[in-house]
Amino acid sequence: MLLIQCPFCGPRDQVEFSYGGDAGVPRPADPAALSDDKWNAWLNERDNPAGEHDELWQHSMGCRRWIGVRRNTLSHEVVSSWALQPAKTA
Amino acid sequence: MSGSGGASNPMRVADLGRIDRTRTLSFTFNGTRYSGFEGDTLASALLANGVRLVGRSFRYHRRRGIVTAGAEEPNALVQLGTGARTEPNLRAPQIPLYDGLVASSQNCWPSVDFDIGAINETLSRLLPAGFHHKTFMWPTSGWLTCERFIRRAAGLGHAPAEPDPDRYAHRHAHCDVLVCGAGPAGLAAALAASRAGARVILADEGSEVGGSLLGERAQVNRNDAIRWVQEVVTELKSAPGVRVLMRSQVAAIWDHGMATVVEQIGSGAPVPTHLPRQRLWKIRAREIVIATGAIERSIAFGDNDLPGVMLAASARTYLNRHGVQPGRRAVVFTNNDSAYHAALDLHRSGVEVAAIIDVRPEPSGSAFDAAIAAGIKVHAGHGVLRALGGTTVRAALVAPVDVSGRAASDARGTAFPVEGDVLLVSGGWNPAVHLWSQARGKLKFDEALATFVPDPANRPPAHVRCAGSAAGAMQLVDCVVQGLAAGRAAASDAGLRHSPTISAPMVERETTCPLLPVWQVDYPEACRYKRFLDLQNDVTVADVELAVRKGYRSVEHMMCHTALGAGTNQGRLPNISGLAILAGAIDTPIPQVGTTTFQPPYTPVTLGAIAGPETGLALDPTRRTAMDGWHAANGAVFVNTGLWRRAQFYRQGRERDLEAVNREVRAVRNGVGLVDISTLGRIDLQGRDCAGFLQRIYINDFATLAIGRCRHGVMLREDGMVFDDGTVTRLGERHYLMTTTTENASAVMSRLEYLLQVEWPDLDVYLTSVTEHWAAMALAGPCSRAVLEKVADIDVSDAALPYMAYRECRLAGVPARVFRISFSGERAYEINVPAGHGRATWEAMMAAGQPERLTAYGTDAMDVMRIEKGHFVVGPEANGRATPGDLGLHRMIRKEGDFIGRRSLSKPGLAAEDRPQMVGLVPVHAREPIPRGSMLVVEPRQVTPYPMEGFVASACFSPTIGCAIALALVERGRLRKGQRLWAMSPLMRMSVEVEVVDPVFFDPAGARLRG
Amino acid sequence: MKYSIFSLARNAVSFHRDWPLAWRSPAPKSHYDVVIIGGGGHGLATAYYLAKEHGITNVAVLEKHRIGGGNTGCDTTIVRSNYYLTANARFYEHSLRLWEGLSQDLDFNVMFRPRGVLNLAHTHADLENQARRGNAMRLNGIDALALNRPEVASMVPDLDMSPTARHPILGGLLQPRGGTARHDAVVWGYARGADSRGVDIIHDCEVTGIRRDGNRVLGVETTQGFIGAGKVGIAAASHSSVVAGMAGLRLPIESHGLQAMVSEPVKPMLDAVVTSDAVFCCVSQSDKGELVIDGNVDGYNSYAQRGNLPVLERVVGAAVALFPSFSRLRLLRLRGGVMDMSMDGSPIIAKTALDNFYVNCGWCYGGFKATPGSGWCFAHTIAQDRPHELNAAFTLDRYTLGRAIDERGAGPTPWLH
Amino acid sequence: MDETTLSDAAGAGADHVIGGDGRTARVVISPVEGRAVLNLRTVPQPGMGVFASVLGLELPTTAGRSTTTADGTVRALWTGPGDWLIACPDTARLSLESSLRTVLEGMSGALTDVGHGFVVFNLSGPAAVDVLAQGCGLDLDPSAFSEGMCAMTALARMQVVVHRLPQGDGYDVYVARSYAESLWHWVTVAAMEYGYRVRR
Ligand SMILES: Cc1cc2nc3c(=O)[nH]c(=O)nc-3n(C[C@H](O)[C@H](O)[C@H](O)COP(=O)(O)OP(=O)(O)OC[C@H]3O[C@@H](n4cnc5c(N)ncnc54)[C@H](O)[C@@H]3O)c2cc1C
Ligand SMILES: NC(=O)c1ccc[n+]([C@@H]2O[C@H](COP(=O)([O-])OP(=O)(O)OC[C@H]3O[C@@H](n4cnc5c(N)ncnc54)[C@H](O)[C@@H]3O)[C@@H](O)[C@H]2O)c1
Ligand SMILES: Cc1cc2nc3c(=O)[nH]c(=O)nc-3n(C[C@H](O)[C@H](O)[C@H](O)COP(=O)(O)O)c2cc1C
Ligand SMILES: [Zn+2]
């Protein structure tokens, strides 16, 4: 069971979190301006490295913050985790 | 010392062992009653009673006896207990004896003495490894017939036929240092860590601390080693941060220092009802010390599976720990020093040691010297070619061998028998590296031990280290020193700065003679006799060699092909020997052939312990609404929606299901009904930017929603498919309330939080789930206002509360929110009250509505009415593959601006003309039903595959329309109104001709909504 | 040597000393007409059908460790074709038909046994979905039966049929022709079949790079040196993204861990494959008597090939809830695989943006049953440079075009498929 | 066996010991009635100090901390950055709510009444922590989870707030109302081995 460091609450068991996938695909500011190919690349193509991976998790059973986690997909080692924004709201 | 143990325990020695002779326990094995003592295992008690034959082997059904004294036991697997508490495949050495224990042999019929399956042995040449791949292919049906027989022979013990009456608990724990194994190394590690101030958990699968010291006669501080063990335990148990778990096996090491430990509760007999039978500890440790010791291995020789062939150290354990002599006259066969200790202990207890057969040409060292001094004969440079005997060992056939274990070609001439009723073997030791491997630690080959040991240079990412025999230290003095060092280092790595000085206890170092790596005794006629590597799966040296000849040369292929190591002991005994023989056959050094990795668990763990309390009814929590108790008391038939249970309908008297639903529908359409909709998700939105936010997540317009007004909204996923729908009410200037579908409530919440926190953090919007705070009910039907008037303290006239408006008020004295929203197509009011008042409000409404014959209705009636109204729902129509256009929502889409999913709507596939579109269906012949889940085709009589034009999403009988109706998704459906199709359900053997109609069957103008 | 009871008997006389190699272990040649990356079931089947159906025998299968050591070696071996969407249904049905004749075709008993795959329904919504699926299957020419409660109870007596169970069983959808096979036998059978037709199977040969000249692939860099290739096909399953990345391609694939649980062997008690989508659990009993259980993916990207405790607890809890008498049986081992999860849960067998480079991936947890069909279609696609009708929908551009084949309707969230 | 309902259990189990040795209750389970809960959310901004004067307590800003008014009636539990649960007697809710609303006016923030969404019960006795540890992965050791600490976490896979009360008063467990019966059932099963009593 992974131990994920919530930047707000501290280390918590994986069961308190839900997974959000690749952190490297922020939503385009103006989707209408993208070609079908570009939109598809954003929507469907993901970083899928065998190694360190930046990903999103939500501390859904705790503070409900979405956080960033850098984790090694081969060893599962959590390298670091961070607050995504000086999140103002939600 | 004398070897007389009394008539009932003929093999028991009088003054040895850690058993309590004042407590006699009686037990039954294969129908015969025996007795043993507290402190015995089933295996030791059987041996004490002189029982040799305990089971039959898997493939050839050969006779088998007890070989080891631990988890590695391949043969003595028994069926324990009877009835619902029976358990298959338990290892006799691991079963603590208790009074009334009942056990029997497995895999034999009619009995272990006479077993029909033994015929397999005569056929054994036809059944080499992998035989089944080469046969049974012609005729095609041949395999299926044979498979049935093979299958019948499968398995070992039998599963219980009834539900398990026992309970299993889970338990979390945290510590700085987890020590696995309480032998000398583990004890030393725990002591050092504890003295450094660490929180320590020490877990051992045995019932007593001490590990192998319990079965040896070692000295520590010039005293019995057990004295030292007890001192350490006393100190540990009194230290504040230490927890000692006995009968607790570390079953697995997972990510990030998480270890699971299975604790057996009680002594083995059924536990009292307030206790769980087993407890799964989930321990999060900063540091882990593995001190699980080492496992003795064997050497392969002819017929080495005869009952009476036993590992030397195990025999020693039975003697010293349980006071049981494994035989009267022992022959000892070894390639290393450790068997000398066994021989010496046996000798001292009065067992005659016929000879020690040592493959090493020139053994030496303190153990050797002691054996010579004791007058034991040693045949150096010799090996055992075969075990001789019929049902049990009678003698060993011995001949000179070279350093690779090969006997000369004239072996038959030089061979001589050495008589004995027990043949003790030691082929060296394998560190118990399972947990290290599970933690992803790497192994390296140790030439001196001729085995794999943990490679300290390649520690796993989880903070794990090994100590003692598990790390390859075979002398007690090294185990203790390593243990202390490991405990100290672990505490320090766990962040404890205090570093105590502990002086190591005094242990003498032995002088030793190196092991000679011999894996099998080979001689010219060897192929005539089976030389077993894996006793459980009947895998022999010849099987491995055959696999190699056929090209299965990687370890994994060889093991898969031969089933070596696939038994319930997971290859604890045979793996390294198999590997060595494979290496020999392909002429490659062992380390290059590789090793197999161990997967959890360490030894098999009950499914019950893994599941813990979260199974059966508690597999998932059941969510209940505030009115749940009322529903239950009023005939509700419940249905699961996600985790919720909801009233599907309320049965009155002997009504049939459909009658009840029809009655409820009519009650709403003609009068008034009340339905519990508490399960819908409710999200409270506050902040300056709520309107803008809603605009970005819904396809329709929310900028114009006025305070006190409600609006239906539809959300998409980014791929353009409809995600969810619900209503939004503007409660105040900066305050909104959103509802979601029951099933998507948490997914929507999480998605919205994501958008606000990650994508649009500049928006000032706060989301709070208030699903649980409110109990919600909908009052629907032409008479709904009449009922509402009686309980509300405000004006609810259509002028004051028009369609899609919202008011706050008190209802039956309780603060309430009233929304005039409708799903059924009737005049309707959704009412929210604080959940604590839910049931009282519901009851007050039911009472107030009596004159109007207010009827409680369930989800089925709600579903019928929404189908009549042509409302799609998430699931049947919005099935994750439907666009808003497909569902007829194209006109709802806002002209301007981006929203989630908009970009995808213009993808060619989503904009295509031939997409399915939602339509209504009615049967052409009004009395026919429309089968649920049917597929739509143009022509009913064709050959498969049929071209399918669409599918029936929701179908029901409409008491309002008076016939079956359905919502369907049909290719170009909106253009096909008036056309006929066939609704086909081959599963129900039905095909019904239907006509495509508008999806709104009832009150298309919506006149009833507004009243 | 042809395998039969006679060859067994003949060899028994000679103490089995004369069995030939099942396949050779050649050194790689410098150039092949086709190089297949990945020696799992799919890669080997592709090579076999390239040789058998298309006469292309100058083929190498490059495997970084040993053949069959990937997912093919650790899955729960369920074979079925009970799909709803037509593209999937027809493809998997083709595959199932190949399974039905595979032992004879390969002259190697792959121990395929149609014991029936039973999908349980726990809610009315489940029943309705099953009806839809079963009807679609039947109209596609695939066998399917709807079972009611008593029929389910008599087929699988150990199930908890209590109407007050947490997830009561209301019925089920049975595909009688579905079943299980032996994974290693499939690998060995295809390997032997391909090898005997001239295909080189090269172990311990990891592809580390792909050499390109503009839009053409020239060959692959490997741990055994450069190997030139007329065409290159990827069948690297979990490592698809990594290998495609070597050629500069990004795939709509994520790799997620999935574990299988194996119990100690017990006497036969369960003669069907029982699955439940509601509780995410799938249980069958192997020929050896082991219960084989699996469930959901672990839920985060992983290449670790190791199990995960929360999912283990959940899946075992579900299995025990379905079969309360299983609770005293014991878990013998866990096998962890890494799934190539696609964005719509359906596979990709397709040409790529590069001229002579082909991909086969996106198998999620369903690729074992696809092995023959996948190899067959992939071989066709490579040999003819265009997809067969059966895999025409499994393209890469379906996502761009908005023609995803989303059986579950979960959208581009791979771990939900 | 059906799940014990809250009301059944609270009635039947009252004042006699279930499980354990049948005599000593090492766990006492007490439903907590009449507690209102508000969810207060803000972001760091000028004027935050006002909250302290309105609430009579300093809002905790460290993860896992709670604060209490001098008379012990109002508690603020940290549940996330800028996110608190304010628990108070039901009778005090209206006035507290309206004064907080006044403070929030013109500020970025939100105040939501969520009290009916929770069922609260208290676990006390020497084995209370052992009951929690059966289903909660937090380190509940007294050294790590000291009096006054709180956490939003998972208990038996259900989301809860665990609050360790000062003065050895055990643990308050807040659970979403719809889950309460399932959690209650779980707790009574978990407490069986120690012996428990229900106190009304
Ligand atoms: C627990 C579990 C249960 C499953 N249950 C089922 C089931 O019941 N039914 C079903 O149909 N499917 C099931 N599956 C899915 C199925 O196992 C896979 O989809 C299928 O076996 C994949 O086969 P493959 O040949 O594509 O992949 P693999 O067998 O994984 O083969 C890919 C090969 O590529 C090799 N490779 C990777 N990178 C390189 C490189 N750079 N160079 C050279 N070689 C490389 C790997 O070493 C590997 O051998 C299950 C999977 C798992 C993990
Ligand atoms: N004569 C020889 O050649 C020889 C060979 C090997 C060991 N030994 C002796 O054995 C002793 C080794 O000491 P040690 O402390 O390293 O090992 P040990 O064998 O004394 O103790 C290991 C302990 O770990 C426990 N254990 C194993 N796996 C476990 C698991 N998964 N979970 C919980 N408990 C588990 C066992 O029950 C045992 O009590 C020394 O005295 C050494 O001299 C001698
Ligand atoms: C357009 C629309 C869609 C709805 N979808 C659902 C739904 O999918 N599931 C559900 O349980 N309630 C749903 N509702 C909930 C309704 O708010 C509630 O059931 C309804 O108000 C009941 O009253 P009625 O039957 O008089 O309309 C929906 C309501 C509306 C207006
Ligand atoms: Zn957090």
# chains A, B, ... in the order shown; residues from 1 in each chain; ligands from 1
>>> residues_around(residues="Asn72 (chain A)", least_positions_apart="5", cutoff="8 Å", atoms="only C-alpha atoms", output="JSON, numbers by chain")
{"A": [50, 51, 52, 53, 77, 78, 79]}
>>> residues_near_ligand(ligand="ligand 1", cutoff="7 Å", atoms="only C-alpha atoms and all ligand atoms", output="ChimeraX atom specification")
/C:37-43,62-79,205-208,235-239,243,258-260,294,335-339,361,363-371
>>> write_last_selection(atoms="N, CA and C atoms", output="short mmCIF file (atom, residue, chain, number, x, y, z; two decimals), in the first residue's frame")
data_model
loop_
_atom_site.label_atom_id
_atom_site.label_comp_id
_atom_site.auth_asym_id
_atom_site.auth_seq_id
_atom_site.Cartn_x
_atom_site.Cartn_y
_atom_site.Cartn_z
N ILE C 37 8.50 -7.23 -32.06
CA ILE C 37 9.07 -6.91 -30.75
C ILE C 37 8.13 -7.43 -29.67
N GLY C 38 8.61 -8.36 -28.90
CA GLY C 38 7.80 -8.89 -27.80
C GLY C 38 7.43 -10.34 -28.04
N GLY C 39 7.90 -11.20 -27.16
CA GLY C 39 7.64 -12.64 -27.29
C GLY C 39 6.59 -13.11 -26.31
N GLY C 40 5.50 -12.37 -26.21
CA GLY C 40 4.33 -12.88 -25.48
C GLY C 40 3.47 -13.67 -26.44
N GLY C 41 2.32 -14.05 -25.99
CA GLY C 41 1.41 -14.80 -26.85
C GLY C 41 1.16 -14.08 -28.16
N HIS C 42 0.96 -12.76 -28.08
CA HIS C 42 0.59 -12.03 -29.28
C HIS C 42 1.73 -11.98 -30.29
N GLY C 43 2.93 -11.72 -29.83
CA GLY C 43 4.06 -11.65 -30.74
C GLY C 43 4.30 -12.98 -31.41
N LEU C 62 11.64 -10.86 -31.15
CA LEU C 62 12.67 -10.46 -30.19
C LEU C 62 12.05 -10.33 -28.81
N GLU C 63 12.62 -11.02 -27.87
CA GLU C 63 12.05 -11.03 -26.51
C GLU C 63 13.14 -10.61 -25.53
N LYS C 64 12.81 -9.63 -24.69
CA LYS C 64 13.89 -9.10 -23.83
C LYS C 64 14.28 -10.06 -22.72
N HIS C 65 13.34 -10.87 -22.23
CA HIS C 65 13.71 -11.87 -21.23
C HIS C 65 13.53 -13.25 -21.82
N ARG C 66 12.39 -13.83 -21.50
CA ARG C 66 12.10 -15.15 -22.02
C ARG C 66 10.66 -15.12 -22.50
N ILE C 67 10.35 -15.91 -23.50
CA ILE C 67 9.01 -15.82 -24.08
C ILE C 67 7.96 -16.20 -23.04
N GLY C 68 6.87 -15.52 -23.10
CA GLY C 68 5.75 -15.84 -22.21
C GLY C 68 5.93 -15.37 -20.79
N GLY C 69 6.95 -14.55 -20.54
CA GLY C 69 7.19 -14.09 -19.18
C GLY C 69 6.46 -12.81 -18.83
N GLY C 70 5.77 -12.23 -19.79
CA GLY C 70 5.02 -11.00 -19.53
C GLY C 70 3.63 -11.32 -19.01
N ASN C 71 2.67 -10.57 -19.48
CA ASN C 71 1.30 -10.81 -19.02
C ASN C 71 0.84 -12.21 -19.34
N THR C 72 1.26 -12.71 -20.51
CA THR C 72 0.78 -14.02 -20.91
C THR C 72 1.08 -15.04 -19.82
N GLY C 73 2.18 -14.83 -19.10
CA GLY C 73 2.57 -15.80 -18.09
C GLY C 73 1.89 -15.62 -16.75
N CYS C 74 1.09 -14.59 -16.57
CA CYS C 74 0.57 -14.39 -15.22
C CYS C 74 -0.91 -14.07 -15.21
N ASP C 75 -1.61 -14.37 -16.28
CA ASP C 75 -3.01 -13.94 -16.29
C ASP C 75 -3.93 -15.07 -15.84
N THR C 76 -5.21 -14.80 -15.87
CA THR C 76 -6.17 -15.78 -15.38
C THR C 76 -6.78 -16.59 -16.51
N THR C 77 -6.28 -16.42 -17.70
CA THR C 77 -6.50 -17.29 -18.88
C THR C 77 -7.96 -17.48 -19.28
N ILE C 78 -8.74 -16.46 -19.09
CA ILE C 78 -10.15 -16.63 -19.47
C ILE C 78 -10.35 -16.28 -20.93
N VAL C 79 -11.05 -17.15 -21.60
CA VAL C 79 -11.28 -17.02 -23.03
C VAL C 79 -12.78 -16.89 -23.24
N CYS C 205 16.85 -10.56 -25.74
CA CYS C 205 17.18 -9.59 -26.79
C CYS C 205 16.23 -8.41 -26.63
N GLU C 206 16.66 -7.43 -25.87
CA GLU C 206 15.80 -6.30 -25.60
C GLU C 206 15.96 -5.23 -26.67
N VAL C 207 14.87 -4.77 -27.18
CA VAL C 207 14.93 -3.66 -28.14
C VAL C 207 15.16 -2.38 -27.36
N THR C 208 16.21 -1.67 -27.74
CA THR C 208 16.57 -0.46 -26.97
C THR C 208 16.42 0.79 -27.82
N ALA C 235 4.58 -5.84 -30.30
CA ALA C 235 3.59 -6.60 -29.53
C ALA C 235 4.13 -6.67 -28.10
N ALA C 236 4.46 -5.50 -27.58
CA ALA C 236 5.16 -5.42 -26.30
C ALA C 236 4.22 -5.13 -25.15
N ALA C 237 2.93 -5.18 -25.39
CA ALA C 237 1.92 -5.06 -24.32
C ALA C 237 2.22 -3.89 -23.40
N SER C 238 2.58 -4.20 -22.14
CA SER C 238 2.76 -3.15 -21.14
C SER C 238 3.82 -2.14 -21.56
N HIS C 239 4.77 -2.58 -22.35
CA HIS C 239 5.85 -1.66 -22.73
C HIS C 239 5.61 -0.99 -24.08
N VAL C 243 8.31 1.34 -26.13
CA VAL C 243 8.89 0.94 -27.41
C VAL C 243 8.47 1.92 -28.52
N LEU C 258 -2.16 -5.11 -12.64
CA LEU C 258 -3.31 -5.97 -12.36
C LEU C 258 -2.76 -7.24 -11.74
N GLN C 259 -3.39 -7.68 -10.66
CA GLN C 259 -2.86 -8.88 -10.01
C GLN C 259 -3.84 -10.05 -10.12
N ALA C 260 -3.26 -11.22 -10.21
CA ALA C 260 -4.06 -12.45 -10.17
C ALA C 260 -3.71 -13.16 -8.87
N ASP C 294 -9.21 -12.84 -9.99
CA ASP C 294 -8.66 -11.50 -10.23
C ASP C 294 -9.79 -10.48 -10.18
N ARG C 335 0.21 -12.97 -8.56
CA ARG C 335 1.00 -12.71 -9.77
C ARG C 335 0.63 -11.33 -10.24
N GLY C 336 1.61 -10.52 -10.47
CA GLY C 336 1.32 -9.16 -10.89
C GLY C 336 1.65 -8.98 -12.35
N GLY C 337 0.71 -8.44 -13.09
CA GLY C 337 0.96 -8.14 -14.50
C GLY C 337 0.82 -6.65 -14.73
N VAL C 338 1.21 -6.22 -15.89
CA VAL C 338 1.09 -4.80 -16.23
C VAL C 338 0.28 -4.69 -17.51
N MET C 339 -0.86 -4.02 -17.40
CA MET C 339 -1.80 -4.00 -18.50
C MET C 339 -1.60 -2.77 -19.37
N CYS C 361 -1.60 -3.31 -29.41
CA CYS C 361 -1.57 -3.01 -27.98
C CYS C 361 -2.97 -2.61 -27.52
N TRP C 363 -4.63 -3.97 -24.79
CA TRP C 363 -5.40 -5.20 -24.52
C TRP C 363 -6.12 -5.18 -23.18
N CYS C 364 -5.81 -4.20 -22.38
CA CYS C 364 -6.46 -4.11 -21.07
C CYS C 364 -6.38 -5.49 -20.40
N TYR C 365 -7.44 -5.91 -19.71
CA TYR C 365 -7.25 -7.25 -19.12
C TYR C 365 -7.83 -8.35 -19.98
N GLY C 366 -7.97 -8.07 -21.26
CA GLY C 366 -8.63 -9.08 -22.08
C GLY C 366 -7.79 -9.67 -23.19
N GLY C 367 -6.48 -9.51 -23.12
CA GLY C 367 -5.68 -9.89 -24.28
C GLY C 367 -5.35 -11.35 -24.40
N PHE C 368 -5.50 -12.11 -23.33
CA PHE C 368 -5.15 -13.52 -23.46
C PHE C 368 -6.09 -14.21 -24.44
N LYS C 369 -7.37 -13.95 -24.27
CA LYS C 369 -8.35 -14.60 -25.15
C LYS C 369 -8.18 -14.14 -26.58
N ALA C 370 -7.56 -12.97 -26.73
CA ALA C 370 -7.39 -12.43 -28.08
C ALA C 370 -6.18 -13.01 -28.78
N THR C 371 -5.35 -13.76 -28.05
CA THR C 371 -4.05 -14.16 -28.61
C THR C 371 -4.14 -14.68 -30.05
#
>>> closest_residue(among="D:Val103, D:Ala156, D:Met192, D:Leu132", to="chain C", atoms="only C-alpha atoms")
D:Ala156
>>> closest_atom_pairs(of="chain A", to="ligand 4", cutoff="6 Å", atoms="only C-alpha atoms and all ligand atoms", output="CSV")
residue,atom,partner,partner_atom_place_in_ligand_line,distance
A:Cys6,CA,ligand 4,1 (Zn),4.8
A:Phe8,CA,ligand 4,1 (Zn),4.9
A:Cys9,CA,ligand 4,1 (Zn),4.2
A:His59,CA,ligand 4,1 (Zn),5.0
A:Gly62,CA,ligand 4,1 (Zn),5.0
A:Cys63,CA,ligand 4,1 (Zn),4.1
>>> residues_near_ligand(ligand="ligand 3", cutoff="8 Å", atoms="only C-alpha atoms and all ligand atoms", output="ChimeraX atom specification")
/B:668,673,675,677,679-680,712-713,725-727,740-742,777-781,821-830,859,862,865-866,871-874
>>> atom_distance(atom1="CA of Pro931 (chain B)", atom2="CA of Val992 (chain B)")
7.9 Å
>>> interface_residues(of="chain B", to="chain A", cutoff="10 Å", atoms="only C-alpha atoms", output="PDB file with C-alpha atoms, in the first residue's frame")
ATOM      1  CA  ILE B 253       6.123  -6.841   2.422  1.00  0.00           C
ATOM      2  CA  TRP B 254       4.464  -4.293   0.184  1.00  0.00           C
ATOM      3  CA  ASP B 255       5.295  -0.802  -0.915  1.00  0.00           C
ATOM      4  CA  HIS B 256       6.583   1.874   1.409  1.00  0.00           C
ATOM      5  CA  GLY B 257       7.303  -0.197   4.481  1.00  0.00           C
ATOM      6  CA  MET B 258       3.894  -1.824   4.690  1.00  0.00           C
ATOM      7  CA  ALA B 259       4.024  -5.394   5.937  1.00  0.00           C
ATOM      8  CA  LYS B 282      -1.131  -4.092   8.470  1.00  0.00           C
ATOM      9  CA  ARG B 284       3.589   0.489   8.460  1.00  0.00           C
ATOM     10  CA  ALA B 439      10.513  -6.123  -1.008  1.00  0.00           C
ATOM     11  CA  ARG B 440      12.412  -6.158  -4.298  1.00  0.00           C
ATOM     12  CA  PRO B 460      15.177  -2.569  -1.887  1.00  0.00           C
ATOM     13  CA  PRO B 461      13.700   0.887  -1.962  1.00  0.00           C
ATOM     14  CA  ALA B 462      11.559   0.007   1.016  1.00  0.00           C
ATOM     15  CA  LEU B 685     -21.667  26.469  -4.552  1.00  0.00           C
ATOM     16  CA  GLN B 686     -20.690  29.801  -3.003  1.00  0.00           C
ATOM     17  CA  GLY B 687     -18.508  32.565  -4.342  1.00  0.00           C
ATOM     18  CA  GLU B 718     -14.182  16.109 -22.457  1.00  0.00           C
ATOM     19  CA  ASP B 719     -14.686  13.476 -25.129  1.00  0.00           C
ATOM     20  CA  SER B 746     -18.945  11.669  -6.135  1.00  0.00           C
ATOM     21  CA  SER B 750     -14.328  15.255  -7.691  1.00  0.00           C
ATOM     22  CA  ARG B 751     -14.283  16.469 -11.295  1.00  0.00           C
ATOM     23  CA  LEU B 752     -15.533  19.932 -10.315  1.00  0.00           C
ATOM     24  CA  GLU B 753     -12.965  20.173  -7.543  1.00  0.00           C
ATOM     25  CA  TYR B 754     -10.316  19.236 -10.047  1.00  0.00           C
ATOM     26  CA  LEU B 755     -11.388  21.978 -12.419  1.00  0.00           C
ATOM     27  CA  LEU B 756     -11.469  24.588  -9.700  1.00  0.00           C
ATOM     28  CA  GLN B 757      -8.239  23.627  -8.025  1.00  0.00           C
ATOM     29  CA  VAL B 758      -6.111  22.682 -10.999  1.00  0.00           C
ATOM     30  CA  GLU B 759      -7.453  24.281 -14.159  1.00  0.00           C
ATOM     31  CA  TRP B 760      -9.207  27.416 -12.980  1.00  0.00           C
ATOM     32  CA  PRO B 761      -7.794  28.334  -9.572  1.00  0.00           C
ATOM     33  CA  ASP B 762      -8.544  31.969 -10.254  1.00  0.00           C
ATOM     34  CA  LEU B 763     -12.288  31.363  -9.949  1.00  0.00           C
ATOM     35  CA  ASP B 764     -13.798  32.274  -6.598  1.00  0.00           C
ATOM     36  CA  VAL B 765     -16.048  29.281  -6.038  1.00  0.00           C
ATOM     37  CA  TYR B 766     -16.342  27.052  -2.970  1.00  0.00           C
ATOM     38  CA  LEU B 767     -17.902  23.621  -3.357  1.00  0.00           C
ATOM     39  CA  THR B 768     -19.423  21.724  -0.470  1.00  0.00           C
ATOM     40  CA  GLY B 897     -18.348  30.074 -25.430  1.00  0.00           C
ATOM     41  CA  ASP B 898     -16.430  27.017 -24.406  1.00  0.00           C
ATOM     42  CA  PHE B 899     -17.604  24.349 -22.000  1.00  0.00           C
ATOM     43  CA  ILE B 900     -16.222  21.001 -20.992  1.00  0.00           C
ATOM     44  CA  GLY B 901     -16.549  18.657 -23.931  1.00  0.00           C
ATOM     45  CA  ARG B 902     -17.540  21.192 -26.548  1.00  0.00           C
ATOM     46  CA  ARG B 903     -14.415  20.798 -28.634  1.00  0.00           C
ATOM     47  CA  SER B 904     -15.052  17.099 -29.093  1.00  0.00           C
ATOM     48  CA  SER B 906     -17.157  18.648 -33.828  1.00  0.00           C
ATOM     49  CA  LYS B 907     -15.017  15.550 -34.269  1.00  0.00           C
ATOM     50  CA  PRO B 908     -16.207  13.773 -37.417  1.00  0.00           C
TER      51      PRO B 908
END
>>> select_by_dssp(residues="region 90-205 of chain C", states="helix (DSSP H, G or I)", output="VMD selection string")
chain C and resid 90 to 100 102 to 106 124 to 139 149 to 155 183 to 196
>>> residues_around(residues="region 158-160 of chain D", least_positions_apart="5", cutoff="9 Å", atoms="only C-alpha atoms", output="MDAnalysis selection string")
(chainID A and resid 16 60:62) or (chainID B and resid 621) or (chainID D and resid 151:153 173:176 179 183)
